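Trainee: As input, take final17.cif (mmCIF, C-alpha atoms and all ligand atoms):
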data_my_file
loop_
_atom_site.label_atom_id
_atom_site.label_comp_id
_atom_site.auth_asym_id
_atom_site.auth_seq_id
_atom_site.Cartn_x
_atom_site.Cartn_y
_atom_site.Cartn_z
CA MET A 30 11.19 11.71 18.24
CA ILE A 31 12.00 10.02 14.91
CA ASP A 32 9.09 7.85 13.88
CA LEU A 33 10.09 5.32 11.23
CA ARG A 34 7.38 2.78 12.06
CA SER A 35 5.35 3.65 8.99
CA ASP A 36 4.39 6.41 6.57
CA THR A 37 0.92 6.19 8.15
CA VAL A 38 2.15 8.32 11.08
CA THR A 39 2.48 11.60 9.14
CA LYS A 40 0.75 14.72 10.46
CA PRO A 41 -1.28 16.89 8.06
CA THR A 42 0.63 19.86 6.60
CA ALA A 43 -0.37 23.48 7.26
CA GLU A 44 -1.88 23.60 3.76
CA MET A 45 -3.97 20.50 4.48
CA ARG A 46 -5.19 21.94 7.78
CA ARG A 47 -6.15 25.20 6.05
CA ALA A 48 -8.02 23.32 3.32
CA MET A 49 -9.81 21.27 5.98
CA ALA A 50 -10.88 24.37 7.90
CA GLU A 51 -12.27 25.98 4.78
CA ALA A 52 -13.81 22.89 3.14
CA GLU A 53 -17.31 23.11 1.75
CA VAL A 54 -19.24 20.10 2.99
CA GLY A 55 -22.54 18.27 2.50
CA ASP A 56 -23.98 14.85 3.30
CA ASP A 57 -21.83 12.40 1.33
CA VAL A 58 -24.26 9.52 1.88
CA TYR A 59 -26.61 11.54 -0.35
CA GLY A 60 -23.66 12.21 -2.69
CA GLU A 61 -23.93 15.91 -1.77
CA ASP A 62 -20.49 16.68 -0.40
CA PRO A 63 -18.87 18.91 -3.05
CA THR A 64 -15.34 18.40 -1.72
CA VAL A 65 -15.64 14.60 -1.74
CA ASN A 66 -17.11 14.76 -5.25
CA LEU A 67 -14.22 16.93 -6.39
CA LEU A 68 -11.62 14.58 -4.87
CA GLN A 69 -13.30 11.61 -6.57
CA GLU A 70 -13.33 13.40 -9.94
CA LYS A 71 -9.71 14.45 -9.63
CA ALA A 72 -8.55 10.97 -8.60
CA ALA A 73 -10.44 9.34 -11.49
CA GLU A 74 -8.82 11.82 -13.87
CA VAL A 75 -5.30 11.26 -12.54
CA PHE A 76 -5.71 7.47 -12.86
CA GLY A 77 -7.62 7.55 -16.14
CA LYS A 78 -10.39 5.42 -14.61
CA GLU A 79 -14.14 5.94 -15.06
CA ALA A 80 -14.93 6.54 -11.39
CA ALA A 81 -13.51 6.76 -7.88
CA LEU A 82 -14.84 6.34 -4.36
CA PHE A 83 -13.47 7.92 -1.18
CA VAL A 84 -13.19 5.27 1.55
CA PRO A 85 -11.92 5.62 5.12
CA THR A 86 -9.06 3.11 4.81
CA GLY A 87 -6.98 1.15 2.36
CA SER A 88 -8.23 -2.04 3.94
CA MET A 89 -11.82 -1.09 3.22
CA GLY A 90 -11.00 -0.21 -0.39
CA ASN A 91 -9.22 -3.53 -0.90
CA GLN A 92 -11.89 -5.60 0.80
CA ILE A 93 -14.76 -4.01 -1.11
CA ALA A 94 -12.86 -4.94 -4.28
CA VAL A 95 -12.31 -8.53 -3.11
CA LYS A 96 -16.02 -8.80 -2.28
CA LEU A 97 -17.19 -7.37 -5.60
CA HIS A 98 -14.88 -9.36 -7.86
CA THR A 99 -15.58 -12.77 -6.29
CA LYS A 100 -18.30 -15.10 -5.08
CA PRO A 101 -18.19 -17.24 -1.93
CA GLY A 102 -16.01 -20.31 -2.37
CA ASP A 103 -13.68 -18.66 -4.90
CA GLU A 104 -9.96 -18.54 -4.42
CA VAL A 105 -7.89 -15.33 -4.55
CA ILE A 106 -4.28 -15.54 -5.72
CA ILE A 107 -1.89 -13.19 -3.97
CA GLU A 108 1.83 -13.06 -3.21
CA GLU A 109 2.55 -14.64 0.17
CA ARG A 110 3.58 -11.33 1.79
CA GLY A 111 0.54 -9.41 0.49
CA HIS A 112 -1.23 -7.00 2.82
CA ILE A 113 -4.70 -8.20 1.81
CA PHE A 114 -3.74 -11.69 3.00
CA ASN A 115 -1.66 -10.92 6.11
CA TYR A 116 -2.87 -7.67 7.64
CA GLU A 117 -6.55 -7.18 6.89
CA MET A 118 -7.96 -9.30 9.70
CA GLY A 119 -9.12 -12.25 7.60
CA THR A 120 -11.75 -10.08 5.91
CA PRO A 121 -11.67 -12.04 2.62
CA ALA A 122 -12.90 -15.08 4.60
CA VAL A 123 -15.28 -13.15 6.86
CA VAL A 124 -16.91 -10.85 4.32
CA ALA A 125 -16.39 -12.33 0.86
CA GLY A 126 -16.30 -16.00 1.93
CA VAL A 127 -13.26 -16.65 -0.24
CA MET A 128 -10.07 -18.67 0.19
CA ILE A 129 -6.69 -17.05 -0.20
CA ARG A 130 -4.11 -18.93 -2.26
CA PRO A 131 -0.80 -17.35 -1.20
CA VAL A 132 2.07 -17.84 -3.66
CA ARG A 133 5.73 -17.06 -2.86
CA ALA A 134 7.50 -14.98 -5.52
CA ALA A 135 10.83 -16.59 -6.37
CA ASN A 136 12.55 -13.25 -6.95
CA ASP A 137 11.97 -12.37 -3.28
CA ASN A 138 10.67 -8.85 -3.91
CA GLY A 139 7.02 -9.70 -3.48
CA MET A 140 6.21 -9.50 -7.20
CA LEU A 141 4.67 -12.54 -8.86
CA THR A 142 5.26 -13.34 -12.51
CA TRP A 143 2.48 -14.65 -14.73
CA ALA A 144 4.18 -18.08 -14.76
CA GLU A 145 3.98 -18.23 -10.96
CA ILE A 146 0.35 -17.15 -10.96
CA GLU A 147 -0.50 -19.61 -13.72
CA SER A 148 0.85 -22.54 -11.73
CA ALA A 149 -1.56 -21.70 -8.88
CA LEU A 150 -4.70 -21.27 -10.99
CA HIS A 151 -7.74 -23.48 -10.58
CA ILE A 152 -9.77 -23.29 -13.74
CA ASP A 153 -12.37 -25.87 -14.76
CA GLN A 154 -11.77 -28.19 -11.79
CA PRO A 155 -15.30 -27.85 -10.42
CA TYR A 156 -15.51 -30.97 -8.28
CA TYR A 157 -12.38 -30.76 -6.16
CA ALA A 158 -10.78 -27.30 -6.18
CA CYS A 159 -11.98 -23.81 -5.36
CA PRO A 160 -12.12 -21.91 -8.64
CA THR A 161 -9.75 -18.96 -8.94
CA GLY A 162 -11.89 -15.82 -8.84
CA LEU A 163 -9.40 -12.97 -8.54
CA ILE A 164 -5.73 -12.04 -8.68
CA CYS A 165 -4.47 -9.37 -6.28
CA LEU A 166 -1.27 -7.41 -6.91
CA GLU A 167 0.51 -4.94 -4.62
CA ASN A 168 2.59 -2.03 -5.97
CA THR A 169 4.77 -1.13 -4.17
CA SER A 170 5.11 -4.39 -2.28
CA ASN A 171 5.24 -3.39 1.38
CA PHE A 172 6.86 -6.50 2.84
CA GLY A 173 8.77 -7.06 -0.39
CA GLY A 174 10.77 -4.01 0.80
CA GLY A 175 8.90 -1.29 -1.10
CA SER A 176 9.76 -2.90 -4.43
CA VAL A 177 8.11 -1.63 -7.59
CA MET A 178 6.17 -3.41 -10.32
CA SER A 179 6.50 -1.98 -13.82
CA ALA A 180 3.60 -1.21 -16.13
CA GLU A 181 4.82 -4.00 -18.43
CA GLN A 182 4.78 -6.61 -15.63
CA THR A 183 1.27 -5.51 -14.61
CA ASP A 184 0.01 -5.48 -18.19
CA GLU A 185 1.36 -8.98 -18.86
CA ILE A 186 -0.44 -10.39 -15.82
CA CYS A 187 -3.68 -8.59 -16.67
CA GLU A 188 -3.61 -9.60 -20.32
CA ASN A 189 -3.24 -13.27 -19.42
CA ALA A 190 -5.77 -13.08 -16.57
CA HIS A 191 -8.35 -11.38 -18.77
CA LYS A 192 -8.00 -14.09 -21.42
CA LEU A 193 -9.24 -16.44 -18.67
CA LYS A 194 -11.93 -13.90 -17.65
CA LEU A 195 -10.17 -13.36 -14.31
CA PRO A 196 -10.26 -9.87 -12.81
CA VAL A 197 -7.16 -8.23 -11.30
CA HIS A 198 -7.24 -5.88 -8.30
CA LEU A 199 -4.23 -3.72 -7.52
CA ASP A 200 -3.46 -2.74 -3.93
CA GLY A 201 -1.72 0.48 -4.83
CA ALA A 202 -1.50 1.78 -1.27
CA ARG A 203 1.89 3.28 -2.28
CA ILE A 204 1.46 3.47 -6.05
CA PHE A 205 2.64 7.09 -6.12
CA ASN A 206 5.95 5.96 -4.61
CA SER A 207 6.17 3.35 -7.34
CA ALA A 208 5.40 5.90 -10.05
CA VAL A 209 7.98 8.40 -8.78
CA ALA A 210 10.68 5.71 -8.49
CA GLN A 211 10.08 4.60 -12.09
CA ASN A 212 9.40 8.03 -13.54
CA GLU A 213 6.02 6.67 -14.57
CA THR A 214 2.41 7.80 -14.22
CA VAL A 215 0.01 6.08 -11.83
CA ALA A 216 -2.41 5.88 -14.78
CA ASN A 217 0.04 3.81 -16.80
CA LEU A 218 0.89 1.58 -13.83
CA SER A 219 -2.77 0.77 -13.29
CA LYS A 220 -4.26 1.03 -16.77
CA SER A 221 -4.86 -2.69 -17.26
CA VAL A 222 -6.19 -3.61 -13.80
CA ASP A 223 -9.92 -3.87 -13.14
CA SER A 224 -9.72 -1.96 -9.88
CA VAL A 225 -7.07 -0.11 -7.91
CA GLN A 226 -6.94 1.19 -4.36
CA PHE A 227 -4.49 3.87 -3.26
CA CYS A 228 -3.91 5.51 0.11
CA LEU A 229 -3.96 9.27 0.70
CA SER A 230 -2.91 8.60 4.28
CA LYS A 231 0.52 7.05 3.69
CA GLY A 232 3.36 8.74 1.79
CA LEU A 233 0.96 11.40 0.51
CA GLY A 234 0.53 12.59 4.09
CA ALA A 235 -3.25 13.06 4.45
CA PRO A 236 -4.60 12.26 7.92
CA VAL A 237 -7.24 9.77 6.71
CA GLY A 238 -8.52 8.17 3.55
CA SER A 239 -8.05 6.01 0.50
CA MET A 240 -9.58 5.87 -2.96
CA LEU A 241 -11.01 2.89 -4.82
CA LEU A 242 -11.14 3.25 -8.61
CA GLY A 243 -12.63 1.28 -11.46
CA LYS A 244 -15.49 1.23 -13.93
CA LYS A 245 -18.65 3.26 -13.18
CA ASP A 246 -20.85 0.23 -12.41
CA PHE A 247 -18.17 -1.26 -10.14
CA ILE A 248 -17.87 1.97 -8.16
CA ALA A 249 -21.67 2.31 -7.89
CA GLU A 250 -21.76 -1.18 -6.35
CA ALA A 251 -18.71 -0.34 -4.19
CA LYS A 252 -20.69 2.56 -2.72
CA VAL A 253 -23.34 0.12 -1.50
CA TRP A 254 -20.65 -2.02 0.13
CA ARG A 255 -18.94 1.00 1.66
CA LYS A 256 -22.24 1.74 3.44
CA ARG A 257 -22.56 -1.89 4.55
CA PHE A 258 -19.04 -1.72 5.98
CA GLY A 259 -20.12 1.36 7.98
CA GLY A 260 -18.13 3.71 5.77
CA GLY A 261 -20.87 6.21 4.82
CA MET A 262 -19.24 9.25 6.39
CA ARG A 263 -21.60 12.24 5.99
CA GLN A 264 -19.84 15.67 6.03
CA VAL A 265 -16.52 14.09 5.17
CA GLY A 266 -15.41 16.84 2.80
CA ILE A 267 -13.42 18.02 5.78
CA LEU A 268 -11.15 14.99 5.24
CA ALA A 269 -11.42 14.95 1.45
CA ALA A 270 -10.05 18.52 1.45
CA ALA A 271 -6.78 17.25 2.92
CA GLY A 272 -6.94 14.40 0.39
CA ILE A 273 -7.05 16.87 -2.52
CA VAL A 274 -3.93 18.63 -1.25
CA ALA A 275 -2.26 15.23 -0.76
CA LEU A 276 -3.15 14.11 -4.29
CA GLU A 277 -1.99 17.31 -5.96
CA GLU A 278 1.02 18.36 -3.90
CA SER A 279 2.58 15.35 -2.21
CA PRO A 280 3.78 13.26 -5.18
CA LYS A 281 6.20 16.10 -6.02
CA ARG A 282 8.21 15.49 -2.85
CA LEU A 283 8.23 11.66 -2.63
CA HIS A 284 11.69 11.50 -4.24
CA ILE A 285 13.06 13.02 -1.00
CA ASP A 286 11.67 10.07 1.00
CA HIS A 287 13.28 7.70 -1.50
CA GLU A 288 16.65 9.46 -1.20
CA ASN A 289 16.43 9.25 2.59
CA ALA A 290 15.53 5.56 2.42
CA LYS A 291 18.47 4.88 0.13
CA ARG A 292 20.85 6.68 2.47
CA LEU A 293 19.41 4.73 5.41
CA ALA A 294 19.80 1.42 3.54
CA GLU A 295 23.39 2.19 2.53
CA GLY A 296 24.17 3.22 6.09
CA VAL A 297 22.69 0.13 7.77
CA ALA A 298 24.35 -2.11 5.18
CA ASN A 299 27.70 -0.98 6.67
CA LEU A 300 26.74 -1.83 10.26
CA LYS A 301 28.13 -4.99 11.84
CA GLY A 302 25.81 -7.99 11.56
CA ILE A 303 23.10 -6.25 9.54
CA SER A 304 22.27 -7.62 6.17
CA ILE A 305 20.43 -5.76 3.44
CA ASP A 306 20.97 -5.34 -0.27
CA ALA A 307 20.81 -1.54 -0.39
CA GLU A 308 20.69 -1.68 -4.19
CA ARG A 309 17.22 -3.16 -3.93
CA VAL A 310 15.73 -0.26 -1.97
CA GLN A 311 13.72 1.59 -4.58
CA THR A 312 11.17 3.61 -2.60
CA ASN A 313 10.54 4.56 1.05
CA ILE A 314 10.68 1.18 2.81
CA VAL A 315 13.86 -0.29 4.29
CA ILE A 316 13.78 -3.83 5.71
CA PHE A 317 16.99 -5.27 7.11
CA ASP A 318 17.93 -8.53 8.78
CA VAL A 319 19.56 -8.28 12.20
CA SER A 320 20.11 -11.96 13.00
CA GLU A 321 23.92 -11.68 12.91
CA THR A 322 24.11 -8.70 15.29
CA GLY A 323 23.91 -10.81 18.45
CA LYS A 324 20.61 -9.12 19.38
CA ASN A 325 17.14 -9.86 18.14
CA SER A 326 14.90 -7.38 16.32
CA VAL A 327 12.62 -6.82 19.35
CA GLN A 328 15.58 -5.97 21.60
CA ILE A 329 17.03 -3.54 19.07
CA VAL A 330 13.67 -1.84 18.53
CA GLU A 331 13.24 -1.50 22.32
CA GLU A 332 16.67 0.11 22.63
CA LEU A 333 15.98 2.46 19.73
CA LYS A 334 12.77 3.49 21.48
CA LYS A 335 14.72 4.57 24.56
CA GLU A 336 16.50 7.01 22.22
CA HIS A 337 13.12 8.16 20.84
CA ILE A 338 13.54 6.37 17.52
CA PHE A 339 10.64 4.16 16.49
CA ALA A 340 10.73 1.19 14.10
CA ILE A 341 8.85 -2.09 13.64
CA PRO A 342 10.34 -5.54 14.30
CA PHE A 343 9.14 -8.55 12.39
CA GLY A 344 10.82 -11.91 12.52
CA ASN A 345 14.58 -11.42 12.28
CA ALA A 346 14.12 -8.13 10.52
CA ILE A 347 13.36 -4.49 11.28
CA ARG A 348 11.29 -2.24 9.02
CA MET A 349 11.91 1.50 8.77
CA VAL A 350 9.78 3.73 6.54
CA THR A 351 10.68 7.26 5.47
CA HIS A 352 8.05 9.96 5.00
CA CYS A 353 7.48 13.72 5.01
CA ASP A 354 8.08 14.05 8.76
CA VAL A 355 11.53 12.43 8.57
CA SER A 356 14.54 14.57 7.57
CA SER A 357 17.98 13.60 6.30
CA ASP A 358 19.38 14.63 9.72
CA ASP A 359 16.97 12.13 11.30
CA ILE A 360 18.45 9.43 9.09
CA GLU A 361 22.02 10.27 10.16
CA LYS A 362 20.96 10.27 13.82
CA THR A 363 19.22 6.91 13.41
CA LEU A 364 22.36 5.39 11.87
CA THR A 365 24.55 6.70 14.71
CA VAL A 366 22.21 5.37 17.39
CA LEU A 367 21.74 2.01 15.67
CA ASP A 368 25.50 1.59 15.39
CA LYS A 369 25.89 2.34 19.11
CA ILE A 370 23.19 -0.20 20.04
CA ILE A 371 24.72 -2.93 17.93
CA GLN A 372 28.27 -2.29 19.16
CA ALA A 373 27.17 -2.34 22.83
N1 LIG B 1 -0.01 -0.87 5.93
C1 LIG B 1 0.40 -0.59 7.28
C2 LIG B 1 0.22 -1.80 8.19
O1 LIG B 1 -1.07 -2.26 8.11
C3 LIG B 1 1.17 -2.92 7.90
C4 LIG B 1 1.84 -0.14 7.26
O2 LIG B 1 2.27 0.42 8.30
O3 LIG B 1 2.54 -0.33 6.26
N2 LIG B 1 -2.17 -2.08 1.58
C5 LIG B 1 -0.88 -1.94 1.90
C6 LIG B 1 0.17 -2.35 0.96
C7 LIG B 1 -0.55 -1.38 3.16
O4 LIG B 1 0.74 -1.26 3.46
C8 LIG B 1 -1.58 -1.00 4.05
C9 LIG B 1 -1.26 -0.46 5.43
C10 LIG B 1 -2.89 -1.16 3.63
C11 LIG B 1 -3.16 -1.71 2.39
C12 LIG B 1 -4.08 -0.80 4.52
O5 LIG B 1 -4.26 0.55 4.68
P1 LIG B 1 -5.11 1.10 5.94
O6 LIG B 1 -4.17 1.08 7.09
O7 LIG B 1 -5.52 2.45 5.51
O8 LIG B 1 -6.26 0.18 6.12
#
Starting from the coordinates I provided, produce the structure as structure tokens.

Mentor:
Amino acid sequence: MIDLRSDTVTKPTAEMRRAMAEAEVGDDVYGEDPTVNLLQEKAAEVFGKEAALFVPTGSMGNQIAVKLHTKPGDEVIIEERGHIFNYEMGTPAVVAGVMIRPVRAANDNGMLTWAEIESALHIDQPYYACPTGLICLENTSNFGGGSVMSAEQTDEICENAHKLKLPVHLDGARIFNSAVAQNETVANLSKSVDSVQFCLSKGLGAPVGSMLLGKKDFIAEAKVWRKRFGGGMRQVGILAAAGIVALEESPKRLHIDHENAKRLAEGVANLKGISIDAERVQTNIVIFDVSETGKNSVQIVEELKKEHIFAIPFGNAIRMVTHCDVSSDDIEKTLTVLDKIIQA
């Protein structure tokens, strides 16, 4: 089976399983789990932030941030394809009581410029518009095709937002992919944002978990909200142990996933009826349009499945994501099978 649906499907490595078996644990709701505490310290150090909190999912990390940065009735500006807007079950409305103001990035890679954000701001219009309370960024942009945002782009947005006293939250679910692709540090990519969330459970390969980072007071408050969300997890060092291995070991191998994604993109670009600009694939996500193949994305995905290859259809496109459980041979096999399906 070749599972290209997502990098969330990875299985823990032998080293992770060993670390999990041997993890020292305590009750994390009391702050007494030494392995969780160590993971939080290490993550804060890697990102150069004051504090970090281990949360069960990326969605929880993002939504705690949305809740803490806003008040009910505020508006949150986000690129139209953003995960926080599209795939987190309407939580900004349900929990934070905020409106989302989705904005389409003209460059089509999911990355807003300050000019685009500025045109969507509501500042000092108290009687007829929801005031802008937060700007959310996503690096890499998942449905922008795994595109990367540079430190300079992020800094420019934050600098301008902060002049208006607007906080910026970064959904950095795949920020390590972004850092590797740009030969950057995650600290530099997130230095100007007020909070950042990253996932241990995606390209980094841990079975469960994400981290939310920010200032000490923010993280103390985030801990209260994690409990309210039902995320106080007791002897969770058993999961944090895998997270430590993921944080320390996995970034070193992400370039392999990027090479595989590039090869996949170049390969599908040559198939009849598929359109993708392979040049734009920078990390581990490959999204290609199949509308000219004579088959729709759901049909193609169904046929791939019969050959034990898994991908995700959306609209006219198919998404394939490379990760540590996908080899270069798997990529070649996928290309051969896809070609056969399209030719049939
Ligand atoms: N993304 C998943 C699906 O939910 C779409 C995937 O397969 O890509 N931010 C970003 C940018 C994400 O891509 C995801 C998950 C999350 C947040 C949420 O993380 P979890 O699944 O841990 O809640």

Trainee: Hey, what's within 8 Å of A:Phe76 if we count all atoms listed in the file and toss same-chain stuff fewer than 5 positions away? As a list in words, please?

Mentor: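 Surrounding residues, per the criterion: Val215, Ala216, Asn217, Ser219 and Lys220 of chain A.
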
Trainee: For A:His98, which residue out of A:Val310, A:Ile371, A:Ala52, A:Cys165 is the nearest one, using all atoms listed in the file?

Mentor: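 Of A:Val310, A:Ile371, A:Ala52, A:Cys165, the one nearest A:His98, counting all atoms listed in the file, is A:Cys165.
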
Trainee: Put a box with edges along x, y and z around all the listed atoms of ligand LIG 1 (chain B), pad it by 5 Å on each side, then give me its centre and sizes in Å, one decimal, as JSON.

Mentor:
{"center_x": -1.9, "center_y": -0.2, "center_z": 4.6, "size_x": 18.8, "size_y": 15.4, "size_z": 17.3}

Trainee: Quick one: of A:Asp286, A:Glu167, A:Glu108, A:Glu321, who's nearest to A:Asp36, counting all atoms listed in the file?

Mentor: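 Ranked by minimum distance to A:Asp36, first place goes to A:Asp286.
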
Trainee: Please identify every polymer residue within 9 Å of ligand LIG 1 (chain B), using all atoms listed in the file, and present the set as an mmCIF file with C-alpha atoms, keeping the file's coordinate frame.

Mentor:
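Here's the written file out-v6.cif:
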data_model
loop_
_atom_site.group_PDB
_atom_site.id
_atom_site.type_symbol
_atom_site.label_atom_id
_atom_site.label_comp_id
_atom_site.auth_asym_id
_atom_site.auth_seq_id
_atom_site.Cartn_x
_atom_site.Cartn_y
_atom_site.Cartn_z
ATOM 1 C CA ARG A 34 7.380 2.780 12.060
ATOM 2 C CA SER A 35 5.350 3.650 8.990
ATOM 3 C CA ASP A 36 4.390 6.410 6.570
ATOM 4 C CA THR A 37 0.920 6.190 8.150
ATOM 5 C CA VAL A 38 2.150 8.320 11.080
ATOM 6 C CA PRO A 85 -11.920 5.620 5.120
ATOM 7 C CA THR A 86 -9.060 3.110 4.810
ATOM 8 C CA GLY A 87 -6.980 1.150 2.360
ATOM 9 C CA SER A 88 -8.230 -2.040 3.940
ATOM 10 C CA MET A 89 -11.820 -1.090 3.220
ATOM 11 C CA GLY A 90 -11.000 -0.210 -0.390
ATOM 12 C CA ASN A 91 -9.220 -3.530 -0.900
ATOM 13 C CA GLY A 111 0.540 -9.410 0.490
ATOM 14 C CA HIS A 112 -1.230 -7.000 2.820
ATOM 15 C CA ILE A 113 -4.700 -8.200 1.810
ATOM 16 C CA ASN A 115 -1.660 -10.920 6.110
ATOM 17 C CA TYR A 116 -2.870 -7.670 7.640
ATOM 18 C CA GLU A 117 -6.550 -7.180 6.890
ATOM 19 C CA GLU A 167 0.510 -4.940 -4.620
ATOM 20 C CA ASN A 168 2.590 -2.030 -5.970
ATOM 21 C CA THR A 169 4.770 -1.130 -4.170
ATOM 22 C CA SER A 170 5.110 -4.390 -2.280
ATOM 23 C CA ASN A 171 5.240 -3.390 1.380
ATOM 24 C CA PHE A 172 6.860 -6.500 2.840
ATOM 25 C CA ASP A 200 -3.460 -2.740 -3.930
ATOM 26 C CA GLY A 201 -1.720 0.480 -4.830
ATOM 27 C CA ALA A 202 -1.500 1.780 -1.270
ATOM 28 C CA ARG A 203 1.890 3.280 -2.280
ATOM 29 C CA GLN A 226 -6.940 1.190 -4.360
ATOM 30 C CA PHE A 227 -4.490 3.870 -3.260
ATOM 31 C CA CYS A 228 -3.910 5.510 0.110
ATOM 32 C CA LEU A 229 -3.960 9.270 0.700
ATOM 33 C CA SER A 230 -2.910 8.600 4.280
ATOM 34 C CA LYS A 231 0.520 7.050 3.690
ATOM 35 C CA VAL A 237 -7.240 9.770 6.710
ATOM 36 C CA GLY A 238 -8.520 8.170 3.550
ATOM 37 C CA SER A 239 -8.050 6.010 0.500
ATOM 38 C CA ILE A 314 10.680 1.180 2.810
ATOM 39 C CA ILE A 341 8.850 -2.090 13.640
ATOM 40 C CA VAL A 350 9.780 3.730 6.540
#
